[in-house]
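Colleague: Here it is, the structure, as structure tokens.
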Amino acid sequence: MSQIASAAASVIDLAQALIACPSVTPAQGLVFDCLEAQLAPLGFAVTRFVRGEAPDGPVENLYAVRRGPEGSRHFAFAGHVDVVPPGEGWTSAPFAPEVRSAPGGDLLYGRGAVDMKGSIAAMIAAAREIPAEAGTLSFIITGDEEGPARYGTVALIEHMREAGEAPDVIVVGEPTSVNRLGDMMKIGRRGSVNIFLAVEGVQGHVAYPHLADNPITKLVAMLAELKAMALDDGTDWFQPSNLEVTDLTVGNPAHNVIPARAEARISIRFNDTHTGAGLAERVSAIAAKHGGTARALISGEAFLTPPGPFSTLLAEAIRAETGIDPELSTSGGTSDARFLKDVAPVIEFGLCNATMHKRDEAVAVDDLDLLARIYRRAALAALGAGQSGAGQ
């Protein structure tokens with residue numbers, strides 16, 4: 001079931017159709033055919049385009065819009081249909097969706113069930129129940145969130161700006177819930193920078209160290225100073241920034257040779273008291289002090305959508321459908337919200353994340369229906385269309 005007409009499909013049908021399309025990042029083709037087949041019958045004008053070259057591309061993206069009355073508000077759903085490689089050891093084929101009974105209710109298994117084809121299915125089901133006169137709805141969907149993200153949401157934002165598209169608010173369907181659907185939404189994220197360190201030395205025999213220059217000694221001292229560097233104590237909405245050494249490479253096969261070069265990589269997840277460039281400058285200064293160099297790759301800056309009307313209406317939609325007051329959080333890794341925050345206020349909310357990126361990824365079938373109702377209720381509230389007919 002690779003394509004399905006949305007007008008009659010249940011949310012689980014929609015999710016199964018998407019899961020059945022293999023879409024390891026960067027995704028193209030079949031999964032977007034399926035997505036277009038679900039959105040077009042609902043009145044969405046669908047634009048698809050491919051950007052980039054190997055090794056980080058090509059990447060397919062989709063922007064779909066159903067316009068409301070002139071001057072109406074614009075609510076956008078955002079997400080990705082690419083998935084991480086499934087790996088080995090699944091109890092069923094990862095791209096053959098399967099519903100199984102479980103003590104707490106039926107579960108739908110398949111790669112992408114929670115991250116995040118299940119959420120996209122819930123968005124489509126919600127859109128089907130929102131009348132066109134309520135306002136403008138759009139879908140911002142990339143095939144490269146799980147990868148380098150060079151040609152995904154960044155390219156979608158360029159397309160939207162060229163087309164004059166400007167959502168008022170955006171909900172990203174990342175799996176933010178922890179123990180129960182509705183217990184957490186993300187109003188921001190920390191930034192991320194990876195920094196590649198290198199120290200050049202002089203190769204020589206270990207018995208004649210005065211004729212050599214050991215780069216490992218300098219690199220170890222550099223890393224020790226970096227780990228001891230005070231970053232911050234956190235803020236009202238962000239946990240403390242942290243620096244971790246993620247790789248150390250010498251590649252010296254000889255036990256009696258002082259190597260000529262040593263390399264390391266560090267990763268810093270930082271809150272909104274820093275910028276990626278500022279941290280890169282601090283690290284570069286320390287690297288230079290120890291005779292080394294530093295090359296930074298900034299994946300995204302920290303951002304916060306301050307609590308206000310948007311987070312309130314989403315929290316009220318969650319509470320109305322689940323009885324839960326969601327925690328407002330900035331924890332976790334990066335997502336495409338780091339790009340979308342430059343377009344409009346953005347909040348992430350989606351399914352329970354316990355099985356994302358794991359073997360036997362699975363979503364509770366009941367949660368798919370529940371999430372669709374939450375999305376519908378939140379979209380109607382954001383569009384100012386009221387809650388007539390919303391699930392109670």
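Chains: A, B, ... in order of the structure tokens. Residues: from 1 per chain. Ligands: from 1, in order shown.
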Give me, as an mmCIF file with C-alpha atoms, in the first residue's frame, all polymer residues having an atom no more than 8 Å from Asp115 of chain A, counting only C-alpha atoms and skipping those fewer than 2 positions away in the same chain.

Modeller:
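That gives us part04.cif:
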data_model
loop_
_atom_site.group_PDB
_atom_site.id
_atom_site.type_symbol
_atom_site.label_atom_id
_atom_site.label_comp_id
_atom_site.auth_asym_id
_atom_site.auth_seq_id
_atom_site.Cartn_x
_atom_site.Cartn_y
_atom_site.Cartn_z
ATOM 1 C CA VAL A 83 14.257 7.824 8.302
ATOM 2 C CA ARG A 111 10.677 2.296 10.661
ATOM 3 C CA GLY A 112 9.349 5.835 10.958
ATOM 4 C CA ALA A 113 6.288 4.873 13.004
ATOM 5 C CA LYS A 117 5.645 9.241 9.576
ATOM 6 C CA GLY A 118 3.050 8.575 12.268
ATOM 7 C CA SER A 119 2.936 12.280 13.126
ATOM 8 C CA GLU A 174 8.938 15.483 16.201
ATOM 9 C CA PRO A 175 8.306 12.764 18.826
ATOM 10 C CA ASN A 353 9.836 8.876 21.623
ATOM 11 C CA MET A 356 12.658 6.249 17.834
ATOM 12 C CA HIS A 357 15.834 5.171 15.995
#

Colleague: Find the residues of segment 164-247 of chain A that sit at most 10 Å from segment 252-266 of chain A; for each, write down the nearest two atoms and how far apart they are in Å, to one decimal. Count only C-alpha atoms. Sort by chain, then by number going up, and give it as a Markdown table.

Modeller:
| residue | atom | partner | partner_atom | distance |
| --- | --- | --- | --- | --- |
| A:Val193 | CA | A:Ile266 | CA | 8.4 |
| A:Asn194 | CA | A:Ile266 | CA | 5.8 |
| A:Ile195 | CA | A:Ile266 | CA | 5.3 |
| A:Phe196 | CA | A:Arg265 | CA | 4.6 |
| A:Leu197 | CA | A:Ala264 | CA | 5.1 |
| A:Ala198 | CA | A:Glu263 | CA | 4.4 |
| A:Val199 | CA | A:Ala262 | CA | 5.4 |
| A:Glu200 | CA | A:Arg261 | CA | 4.6 |
| A:Gly201 | CA | A:Ala260 | CA | 4.6 |
| A:Val202 | CA | A:Ala260 | CA | 4.9 |
| A:Gln203 | CA | A:Ala260 | CA | 4.4 |
| A:Gly204 | CA | A:Ile258 | CA | 5.1 |
| A:His205 | CA | A:Val257 | CA | 4.8 |
| A:Val206 | CA | A:Asn256 | CA | 5.3 |
| A:Ala207 | CA | A:Asn256 | CA | 7.7 |
| A:Tyr208 | CA | A:Ile258 | CA | 9.4 |
| A:Pro209 | CA | A:Ile258 | CA | 7.9 |
| A:Ala212 | CA | A:Ile258 | CA | 7.1 |
| A:Asp213 | CA | A:Ile258 | CA | 7.6 |
| A:Asn214 | CA | A:Ile258 | CA | 5.9 |
| A:Pro215 | CA | A:Ala262 | CA | 5.7 |
| A:Ile216 | CA | A:Ala262 | CA | 5.7 |
| A:Thr217 | CA | A:Ala262 | CA | 9.2 |
| A:Lys218 | CA | A:Ala262 | CA | 8.9 |
| A:Leu219 | CA | A:Ala262 | CA | 6.9 |
| A:Val220 | CA | A:Ala264 | CA | 9.5 |
| A:Leu223 | CA | A:Ala264 | CA | 8.5 |
| A:Leu226 | CA | A:Ile266 | CA | 9.2 |
| A:Lys227 | CA | A:Ile266 | CA | 9.6 |
| A:Leu243 | CA | A:Ile266 | CA | 6.8 |
| A:Glu244 | CA | A:Ile266 | CA | 5.5 |
| A:Val245 | CA | A:Ile266 | CA | 4.4 |
| A:Thr246 | CA | A:Ile266 | CA | 5.3 |
| A:Asp247 | CA | A:Arg265 | CA | 5.0 |

Colleague: For a quick check of understanding, using only C-alpha atoms, which of A:Thr249, A:Ser138, A:Thr176, A:Thr305 has the smallest distance to Ala379 of chain A?

Modeller: A:Ser138

Colleague: A:Ser92, A:Tyr151, A:Leu137, A:Gly188: which is nearest Tyr109 of chain A, counting only C-alpha atoms?

Modeller: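 Among the listed residues, A:Ser92 lies closest to Tyr109 of chain A.
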
Colleague: Find the nearest atom pair between each residue of segment 85-170 of chain A and segment 29-49 of chain A for residues within 8 Å, count only C-alpha atoms, give distances in Å to one decimal, sort rows by chain and ascending number, and present the table as a Markdown table.

Modeller:
| residue | atom | partner | partner_atom | distance |
| --- | --- | --- | --- | --- |
| A:Ile124 | CA | A:Leu39 | CA | 7.1 |
| A:Ala127 | CA | A:Leu42 | CA | 7.9 |
| A:Arg128 | CA | A:Leu42 | CA | 6.3 |
| A:Ser138 | CA | A:Phe44 | CA | 7.9 |

Colleague: Mind checking which residues fall within 12 Å of Glu165 of chain A, counting only C-alpha atoms, ignoring those fewer than 2 positions away in the same chain, and posting them as a CSV table (one decimal) with N, CA and C atoms, in the first residue's frame?

Modeller:
chain,number,residue,atom,x,y,z
A,63,TYR,N,6.3,21.1,-0.6
A,63,TYR,CA,5.5,22.2,0.1
A,63,TYR,C,4.1,22.1,-0.5
A,64,ALA,N,3.2,22.0,0.4
A,64,ALA,CA,1.7,21.9,0.0
A,64,ALA,C,0.9,22.9,0.7
A,65,VAL,N,0.1,23.6,0.0
A,65,VAL,CA,-0.7,24.6,0.7
A,65,VAL,C,-2.2,24.6,0.2
A,66,ARG,N,-3.1,24.8,1.1
A,66,ARG,CA,-4.5,24.9,0.8
A,66,ARG,C,-4.9,26.3,1.4
A,67,ARG,N,-5.2,27.2,0.5
A,67,ARG,CA,-5.4,28.6,0.9
A,67,ARG,C,-6.8,28.8,1.4
A,73,ARG,N,-5.6,33.6,8.6
A,73,ARG,CA,-4.3,33.2,9.2
A,73,ARG,C,-3.8,31.9,8.5
A,74,HIS,N,-2.5,31.7,8.7
A,74,HIS,CA,-1.8,30.6,8.1
A,74,HIS,C,-1.2,29.7,9.1
A,75,PHE,N,-1.6,28.4,9.2
A,75,PHE,CA,-1.1,27.4,10.1
A,75,PHE,C,-0.3,26.4,9.3
A,76,ALA,N,1.0,26.1,9.7
A,76,ALA,CA,1.8,25.2,9.0
A,76,ALA,C,2.2,24.0,9.8
A,136,THR,N,-5.7,29.2,6.0
A,136,THR,CA,-4.7,28.6,5.2
A,136,THR,C,-3.9,27.5,6.0
A,137,LEU,N,-3.8,26.4,5.4
A,137,LEU,CA,-3.0,25.3,5.9
A,137,LEU,C,-1.9,24.9,5.0
A,138,SER,N,-0.7,24.6,5.5
A,138,SER,CA,0.4,24.1,4.7
A,138,SER,C,1.2,23.0,5.3
A,139,PHE,N,1.9,22.3,4.5
A,139,PHE,CA,2.8,21.2,4.9
A,139,PHE,C,4.2,21.5,4.4
A,140,ILE,N,5.2,21.5,5.3
A,140,ILE,CA,6.6,21.8,5.0
A,140,ILE,C,7.3,20.5,5.3
A,156,LEU,N,13.5,24.5,1.5
A,156,LEU,CA,12.1,24.8,1.6
A,156,LEU,C,11.8,26.2,2.0
A,157,ILE,N,12.6,26.7,2.9
A,157,ILE,CA,12.4,28.1,3.4
A,157,ILE,C,12.7,29.0,2.2
A,158,GLU,N,13.7,28.7,1.5
A,158,GLU,CA,14.0,29.6,0.3
A,158,GLU,C,12.8,29.6,-0.7
A,159,HIS,N,12.3,28.4,-0.9
A,159,HIS,CA,11.1,28.3,-1.8
A,159,HIS,C,9.9,29.1,-1.2
A,160,MET,N,9.7,29.0,0.0
A,160,MET,CA,8.5,29.7,0.6
A,160,MET,C,8.7,31.2,0.5
A,161,ARG,N,9.9,31.7,0.7
A,161,ARG,CA,10.2,33.1,0.7
A,161,ARG,C,10.0,33.6,-0.8
A,162,GLU,N,10.5,32.8,-1.7
A,162,GLU,CA,10.4,33.2,-3.1
A,162,GLU,C,8.9,33.3,-3.5
A,163,ALA,N,8.1,32.4,-2.9
A,163,ALA,CA,6.7,32.3,-3.2
A,163,ALA,C,5.8,33.3,-2.4
A,167,PRO,N,3.8,31.5,7.0
A,167,PRO,CA,2.9,31.0,8.1
A,167,PRO,C,2.9,31.9,9.3
A,168,ASP,N,1.8,31.9,10.0
A,168,ASP,CA,1.8,32.6,11.3
A,168,ASP,C,2.4,31.8,12.4
A,169,VAL,N,2.2,30.5,12.4
A,169,VAL,CA,2.8,29.6,13.4
A,169,VAL,C,3.1,28.3,12.7
A,343,VAL,N,11.3,31.6,10.3
A,343,VAL,CA,10.2,31.9,9.5
A,343,VAL,C,9.0,32.3,10.3
A,344,ALA,N,8.7,31.7,11.4
A,344,ALA,CA,7.6,32.0,12.3
A,344,ALA,C,7.8,31.3,13.6

Colleague: Can you pull out every residue within 12 Å of segment 183-186 of chain A, counting only C-alpha atoms, but drop anything in the same chain fewer than 5 positions away, and send it as a JSON list (two decimals) with N, CA and C atoms, in the first residue's frame?

Modeller:
[["chain", "number", "residue", "atom", "x", "y", "z"],
["A", 171, "VAL", "N", 3.92, 24.05, 13.62],
["A", 171, "VAL", "CA", 4.07, 22.90, 14.52],
["A", 171, "VAL", "C", 4.90, 21.85, 13.81],
["A", 172, "VAL", "N", 5.99, 21.43, 14.44],
["A", 172, "VAL", "CA", 6.85, 20.36, 13.92],
["A", 172, "VAL", "C", 6.49, 19.08, 14.66],
["A", 173, "GLY", "N", 6.30, 18.00, 13.91],
["A", 173, "GLY", "CA", 5.78, 16.77, 14.51],
["A", 173, "GLY", "C", 6.82, 15.83, 15.08],
["A", 174, "GLU", "N", 7.93, 16.35, 15.59],
["A", 174, "GLU", "CA", 8.94, 15.48, 16.20],
["A", 174, "GLU", "C", 8.35, 14.75, 17.40],
["A", 175, "PRO", "N", 8.83, 13.53, 17.69],
["A", 175, "PRO", "CA", 8.31, 12.76, 18.83],
["A", 175, "PRO", "C", 8.83, 13.33, 20.15],
["A", 176, "THR", "N", 8.08, 14.24, 20.72],
["A", 176, "THR", "CA", 8.51, 14.94, 21.93],
["A", 176, "THR", "C", 7.98, 14.34, 23.22],
["A", 177, "SER", "N", 6.91, 13.55, 23.13],
["A", 177, "SER", "CA", 6.31, 12.99, 24.34],
["A", 177, "SER", "C", 7.23, 11.92, 24.91],
["A", 178, "VAL", "N", 7.21, 11.77, 26.24],
["A", 178, "VAL", "CA", 8.17, 10.88, 26.91],
["A", 178, "VAL", "C", 7.50, 9.62, 27.42],
["A", 237, "TRP", "N", 15.14, 28.51, 30.93],
["A", 237, "TRP", "CA", 14.52, 27.55, 30.02],
["A", 237, "TRP", "C", 15.50, 26.53, 29.45],
["A", 238, "PHE", "N", 16.80, 26.71, 29.70],
["A", 238, "PHE", "CA", 17.79, 25.82, 29.12],
["A", 238, "PHE", "C", 18.68, 25.19, 30.19],
["A", 303, "PHE", "N", 17.61, 28.40, 20.21],
["A", 303, "PHE", "CA", 16.47, 29.29, 20.01],
["A", 303, "PHE", "C", 15.39, 28.96, 21.03],
["A", 304, "LEU", "N", 14.53, 29.93, 21.25],
["A", 304, "LEU", "CA", 13.41, 29.78, 22.18],
["A", 304, "LEU", "C", 12.18, 30.47, 21.60],
["A", 305, "THR", "N", 11.06, 29.75, 21.58],
["A", 305, "THR", "CA", 9.77, 30.38, 21.32],
["A", 305, "THR", "C", 9.17, 30.68, 22.69],
["A", 306, "PRO", "N", 9.27, 31.92, 23.15],
["A", 306, "PRO", "CA", 8.87, 32.21, 24.53],
["A", 306, "PRO", "C", 7.43, 31.80, 24.80],
["A", 307, "PRO", "N", 7.17, 31.29, 26.00],
["A", 307, "PRO", "CA", 5.79, 30.93, 26.35],
["A", 307, "PRO", "C", 4.86, 32.11, 26.12],
["A", 310, "PHE", "N", 0.85, 31.11, 21.57],
["A", 310, "PHE", "CA", 1.01, 29.90, 20.77],
["A", 310, "PHE", "C", 1.15, 28.66, 21.66],
["A", 311, "SER", "N", 2.05, 28.72, 22.62],
["A", 311, "SER", "CA", 2.24, 27.56, 23.50],
["A", 311, "SER", "C", 0.99, 27.32, 24.34],
["A", 312, "THR", "N", 0.28, 28.38, 24.68],
["A", 312, "THR", "CA", -0.94, 28.22, 25.47],
["A", 312, "THR", "C", -2.02, 27.49, 24.70],
["A", 314, "LEU", "N", -1.66, 25.46, 22.16],
["A", 314, "LEU", "CA", -1.28, 24.07, 21.95],
["A", 314, "LEU", "C", -1.44, 23.27, 23.24],
["A", 315, "ALA", "N", -1.03, 23.85, 24.35],
["A", 315, "ALA", "CA", -1.21, 23.17, 25.63],
["A", 315, "ALA", "C", -2.69, 22.94, 25.93],
["A", 318, "ILE", "N", -3.88, 19.98, 23.91],
["A", 318, "ILE", "CA", -3.39, 18.74, 24.50],
["A", 318, "ILE", "C", -4.21, 18.39, 25.73],
["A", 319, "ARG", "N", -4.45, 19.39, 26.56],
["A", 319, "ARG", "CA", -5.20, 19.16, 27.81],
["A", 319, "ARG", "C", -6.63, 18.73, 27.51],
["A", 321, "GLU", "N", -7.77, 17.04, 25.01],
["A", 321, "GLU", "CA", -7.87, 15.70, 24.46],
["A", 321, "GLU", "C", -7.29, 14.63, 25.38],
["A", 322, "THR", "N", -6.35, 15.00, 26.25],
["A", 322, "THR", "CA", -5.66, 13.99, 27.07],
["A", 322, "THR", "C", -5.83, 14.17, 28.57],
["A", 323, "GLY", "N", -6.21, 15.40, 28.99],
["A", 323, "GLY", "CA", -6.26, 15.69, 30.42],
["A", 323, "GLY", "C", -4.90, 15.97, 31.02],
["A", 324, "ILE", "N", -3.88, 16.09, 30.18],
["A", 324, "ILE", "CA", -2.50, 16.30, 30.65],
["A", 324, "ILE", "C", -2.09, 17.75, 30.43],
["A", 325, "ASP", "N", -1.36, 18.31, 31.40],
["A", 325, "ASP", "CA", -0.72, 19.61, 31.23],
["A", 325, "ASP", "C", 0.70, 19.36, 30.75],
["A", 326, "PRO", "N", 1.03, 19.66, 29.50],
["A", 326, "PRO", "CA", 2.35, 19.33, 28.99],
["A", 326, "PRO", "C", 3.45, 20.17, 29.61],
["A", 327, "GLU", "N", 4.59, 19.55, 29.79],
["A", 327, "GLU", "CA", 5.78, 20.27, 30.21],
["A", 327, "GLU", "C", 6.36, 21.01, 29.02],
["A", 328, "LEU", "N", 6.75, 22.26, 29.22],
["A", 328, "LEU", "CA", 7.42, 23.04, 28.18],
["A", 328, "LEU", "C", 8.92, 22.84, 28.35],
["A", 329, "SER", "N", 9.58, 22.33, 27.33],
["A", 329, "SER", "CA", 10.97, 21.90, 27.46],
["A", 329, "SER", "C", 11.81, 22.39, 26.29],
["A", 330, "THR", "N", 13.13, 22.43, 26.51],
["A", 330, "THR", "CA", 14.09, 22.70, 25.44],
["A", 330, "THR", "C", 15.13, 21.59, 25.37],
["A", 331, "SER", "N", 14.84, 20.45, 25.96],
["A", 331, "SER", "CA", 15.81, 19.36, 26.05],
["A", 331, "SER", "C", 15.93, 18.63, 24.72],
["A", 332, "GLY", "N", 16.93, 17.75, 24.64],
["A", 332, "GLY", "CA", 17.10, 16.91, 23.47],
["A", 332, "GLY", "C", 18.04, 17.49, 22.44],
["A", 333, "GLY", "N", 18.09, 16.84, 21.28],
["A", 333, "GLY", "CA", 19.00, 17.25, 20.23],
["A", 333, "GLY", "C", 18.40, 18.30, 19.32],
["A", 334, "THR", "N", 18.98, 18.43, 18.15],
["A", 334, "THR", "CA", 18.51, 19.44, 17.21],
["A", 334, "THR", "C", 17.41, 18.86, 16.32],
["A", 335, "SER", "N", 16.67, 19.73, 15.69],
["A", 335, "SER", "CA", 15.65, 19.34, 14.71],
["A", 335, "SER", "C", 15.56, 20.45, 13.68],
["A", 337, "ALA", "N", 13.40, 22.51, 13.43],
["A", 337, "ALA", "CA", 12.88, 23.73, 14.05],
["A", 337, "ALA", "C", 13.95, 24.80, 14.14],
["A", 338, "ARG", "N", 15.23, 24.38, 14.16],
["A", 338, "ARG", "CA", 16.31, 25.36, 14.23],
["A", 338, "ARG", "C", 16.36, 26.25, 13.00],
["A", 345, "PRO", "N", 7.02, 31.67, 14.63],
["A", 345, "PRO", "CA", 7.10, 30.95, 15.90],
["A", 345, "PRO", "C", 6.87, 29.46, 15.68],
["A", 346, "VAL", "N", 7.72, 28.63, 16.29],
["A", 346, "VAL", "CA", 7.67, 27.20, 16.05],
["A", 346, "VAL", "C", 7.70, 26.44, 17.36],
["A", 347, "ILE", "N", 6.88, 25.40, 17.45],
["A", 347, "ILE", "CA", 6.85, 24.49, 18.60],
["A", 347, "ILE", "C", 6.84, 23.07, 18.07],
["A", 348, "GLU", "N", 7.55, 22.19, 18.74],
["A", 348, "GLU", "CA", 7.57, 20.79, 18.37],
["A", 348, "GLU", "C", 6.65, 20.00, 19.30],
["A", 349, "PHE", "N", 5.82, 19.16, 18.70],
["A", 349, "PHE", "CA", 4.98, 18.28, 19.49],
["A", 349, "PHE", "C", 4.60, 17.06, 18.68],
["A", 350, "GLY", "N", 4.77, 15.90, 19.30],
["A", 350, "GLY", "CA", 4.43, 14.67, 18.59],
["A", 350, "GLY", "C", 4.36, 13.47, 19.51],
["A", 351, "LEU", "N", 4.58, 12.31, 18.94],
["A", 351, "LEU", "CA", 4.35, 11.03, 19.60],
["A", 351, "LEU", "C", 5.39, 10.72, 20.66],
["A", 352, "CYS", "N", 5.18, 9.62, 21.37],
["A", 352, "CYS", "CA", 6.14, 9.17, 22.39],
["A", 352, "CYS", "C", 7.42, 8.70, 21.71],
["A", 353, "ASN", "N", 8.55, 9.07, 22.30],
["A", 353, "ASN", "CA", 9.84, 8.88, 21.62],
["A", 353, "ASN", "C", 10.63, 7.66, 22.09]]

Colleague: I need the residue nearest Gly278 of chain A from this list: A:Leu313, A:Ala166, A:Gly191, A:Gly251. Use only C-alpha atoms for the distance.

Modeller: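 Looking only at the distances to Gly278 of chain A, the closest residue turns out to be A:Gly191.
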
Colleague: Quote the spacing between atom CA of Gly143 of chain A and atom CA of Gly79 of chain A in Å to one decimal place.

Modeller: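 Separation of atom CA of Gly143 of chain A and atom CA of Gly79 of chain A: 9.0 Å.
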
Colleague: Excluding Ser72 of chain A and its own-chain neighbours fewer than 3 positions away, which residues fall within 10 Å of it when counting only C-alpha atoms? Please give them as a PDB file with all heavy atoms, in the first residue's frame.

Modeller:
ATOM      1  N   ARG A  67      -5.211  27.192   0.473  1.00  0.00           N
ATOM      2  CA  ARG A  67      -5.427  28.573   0.891  1.00  0.00           C
ATOM      3  C   ARG A  67      -6.839  28.777   1.412  1.00  0.00           C
ATOM      4  O   ARG A  67      -7.816  28.285   0.844  1.00  0.00           O
ATOM      5  CB  ARG A  67      -5.150  29.531  -0.268  1.00  0.00           C
ATOM      6  CG  ARG A  67      -3.749  29.372  -0.800  1.00  0.00           C
ATOM      7  CD  ARG A  67      -3.345  30.456  -1.769  1.00  0.00           C
ATOM      8  NE  ARG A  67      -2.065  30.111  -2.380  1.00  0.00           N
ATOM      9  CZ  ARG A  67      -0.899  30.221  -1.774  1.00  0.00           C
ATOM     10  NH1 ARG A  67      -0.841  30.683  -0.538  1.00  0.00           N
ATOM     11  NH2 ARG A  67       0.218  29.876  -2.394  1.00  0.00           N
ATOM     12  N   GLY A  68      -6.905  29.546   2.484  1.00  0.00           N
ATOM     13  CA  GLY A  68      -8.182  29.938   3.044  1.00  0.00           C
ATOM     14  C   GLY A  68      -8.632  31.263   2.466  1.00  0.00           C
ATOM     15  O   GLY A  68      -8.053  31.767   1.487  1.00  0.00           O
ATOM     16  N   PRO A  69      -9.646  31.853   3.064  1.00  0.00           N
ATOM     17  CA  PRO A  69     -10.134  33.150   2.587  1.00  0.00           C
ATOM     18  C   PRO A  69      -9.043  34.215   2.643  1.00  0.00           C
ATOM     19  O   PRO A  69      -8.101  34.129   3.433  1.00  0.00           O
ATOM     20  CB  PRO A  69     -11.270  33.469   3.566  1.00  0.00           C
ATOM     21  CG  PRO A  69     -11.679  32.145   4.116  1.00  0.00           C
ATOM     22  CD  PRO A  69     -10.441  31.327   4.185  1.00  0.00           C
ATOM     23  N   PHE A  75      -1.617  28.417   9.208  1.00  0.00           N
ATOM     24  CA  PHE A  75      -1.062  27.430  10.144  1.00  0.00           C
ATOM     25  C   PHE A  75      -0.295  26.393   9.345  1.00  0.00           C
ATOM     26  O   PHE A  75      -0.815  25.831   8.378  1.00  0.00           O
ATOM     27  CB  PHE A  75      -2.185  26.751  10.926  1.00  0.00           C
ATOM     28  CG  PHE A  75      -1.727  25.745  11.943  1.00  0.00           C
ATOM     29  CD1 PHE A  75      -1.543  26.116  13.266  1.00  0.00           C
ATOM     30  CD2 PHE A  75      -1.480  24.422  11.583  1.00  0.00           C
ATOM     31  CE1 PHE A  75      -1.132  25.187  14.214  1.00  0.00           C
ATOM     32  CE2 PHE A  75      -1.068  23.494  12.516  1.00  0.00           C
ATOM     33  CZ  PHE A  75      -0.899  23.868  13.834  1.00  0.00           C
ATOM     34  N   GLU A 133     -12.533  27.042   4.775  1.00  0.00           N
ATOM     35  CA  GLU A 133     -12.838  28.429   5.161  1.00  0.00           C
ATOM     36  C   GLU A 133     -12.239  28.817   6.506  1.00  0.00           C
ATOM     37  O   GLU A 133     -12.260  29.990   6.904  1.00  0.00           O
ATOM     38  CB  GLU A 133     -14.348  28.656   5.177  1.00  0.00           C
ATOM     39  CG  GLU A 133     -15.124  27.771   6.137  1.00  0.00           C
ATOM     40  CD  GLU A 133     -15.602  26.483   5.488  1.00  0.00           C
ATOM     41  OE1 GLU A 133     -15.023  26.067   4.451  1.00  0.00           O
ATOM     42  OE2 GLU A 133     -16.560  25.885   6.011  1.00  0.00           O
ATOM     43  N   ALA A 134     -11.680  27.835   7.235  1.00  0.00           N
ATOM     44  CA  ALA A 134     -11.079  28.146   8.540  1.00  0.00           C
ATOM     45  C   ALA A 134      -9.811  28.964   8.393  1.00  0.00           C
ATOM     46  O   ALA A 134      -9.448  29.733   9.284  1.00  0.00           O
ATOM     47  CB  ALA A 134     -10.793  26.853   9.300  1.00  0.00           C
ATOM     48  N   GLY A 135      -9.095  28.805   7.275  1.00  0.00           N
ATOM     49  CA  GLY A 135      -7.841  29.515   7.078  1.00  0.00           C
ATOM     50  C   GLY A 135      -6.898  28.712   6.217  1.00  0.00           C
ATOM     51  O   GLY A 135      -7.242  27.638   5.701  1.00  0.00           O
ATOM     52  N   THR A 136      -5.699  29.230   6.046  1.00  0.00           N
ATOM     53  CA  THR A 136      -4.700  28.584   5.195  1.00  0.00           C
ATOM     54  C   THR A 136      -3.932  27.529   5.974  1.00  0.00           C
ATOM     55  O   THR A 136      -3.467  27.786   7.094  1.00  0.00           O
ATOM     56  CB  THR A 136      -3.728  29.623   4.625  1.00  0.00           C
ATOM     57  OG1 THR A 136      -4.453  30.521   3.774  1.00  0.00           O
ATOM     58  CG2 THR A 136      -2.620  28.970   3.814  1.00  0.00           C
ATOM     59  N   LEU A 383      -5.981  29.250  13.912  1.00  0.00           N
ATOM     60  CA  LEU A 383      -6.629  29.935  12.783  1.00  0.00           C
ATOM     61  C   LEU A 383      -7.776  30.828  13.229  1.00  0.00           C
ATOM     62  O   LEU A 383      -8.359  31.564  12.437  1.00  0.00           O
ATOM     63  CB  LEU A 383      -7.138  28.909  11.768  1.00  0.00           C
ATOM     64  CG  LEU A 383      -6.075  28.092  11.041  1.00  0.00           C
ATOM     65  CD1 LEU A 383      -6.711  26.965  10.249  1.00  0.00           C
ATOM     66  CD2 LEU A 383      -5.230  28.990  10.137  1.00  0.00           C
ATOM     67  N   GLY A 384      -8.126  30.720  14.514  1.00  0.00           N
ATOM     68  CA  GLY A 384      -9.219  31.530  15.033  1.00  0.00           C
ATOM     69  C   GLY A 384     -10.561  31.022  14.611  1.00  0.00           C
ATOM     70  O   GLY A 384     -11.542  31.781  14.566  1.00  0.00           O
ATOM     71  N   ALA A 385     -10.645  29.676  14.348  1.00  0.00           N
ATOM     72  CA  ALA A 385     -11.880  29.116  13.801  1.00  0.00           C
ATOM     73  C   ALA A 385     -12.727  28.411  14.847  1.00  0.00           C
ATOM     74  O   ALA A 385     -13.711  27.776  14.525  1.00  0.00           O
ATOM     75  CB  ALA A 385     -11.546  28.153  12.672  1.00  0.00           C
TER      76      ALA A 385
END

Colleague: Taking only C-alpha atoms into account, which of A:Gly164, A:Pro309, A:Pro240, A:Pro26 comes nearest His80 of chain A?

Modeller: A:Pro26

Colleague: Any chance you could list, as a ChimeraX atom specification, the residues in segment 230-366 of chain A that come up helix (DSSP H, G or I) when DSSP is run on the backbone?

Modeller: /A:276-289,309-322,337-340,365-366

Colleague: Identify, on the basis of only C-alpha atoms, every residue whose closest approach to Gln239 of chain A does not exceed 9 Å; exclude the query and any residue fewer than 5 positions from it along the same chain; express the result as number ranges by chain.

Modeller: A: 190, 233-234, 270-271, 330-331

Colleague: For atom CA of Asp82 of chain A and atom CA of Val365 of chain A, quote the distance in Å rounded to one decimal.

Modeller: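 Spanning atom CA of Asp82 of chain A to atom CA of Val365 of chain A is a straight-line distance of 20.9 Å.
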
Colleague: Atom CA of Ala224 of chain A to atom CA of Thr273 of chain A: how many Å, to one decimal?

Modeller: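 About the pair atom CA of Ala224 of chain A and atom CA of Thr273 of chain A: they are 22.8 Å apart.
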
Colleague: Looking at A:Asp369, A:Asp360, A:Asp336, A:Asp236, which one is nearest to Arg100 of chain A, with distances taken over only C-alpha atoms?

Modeller: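 Result for the nearest residue to Arg100 of chain A: A:Asp360.
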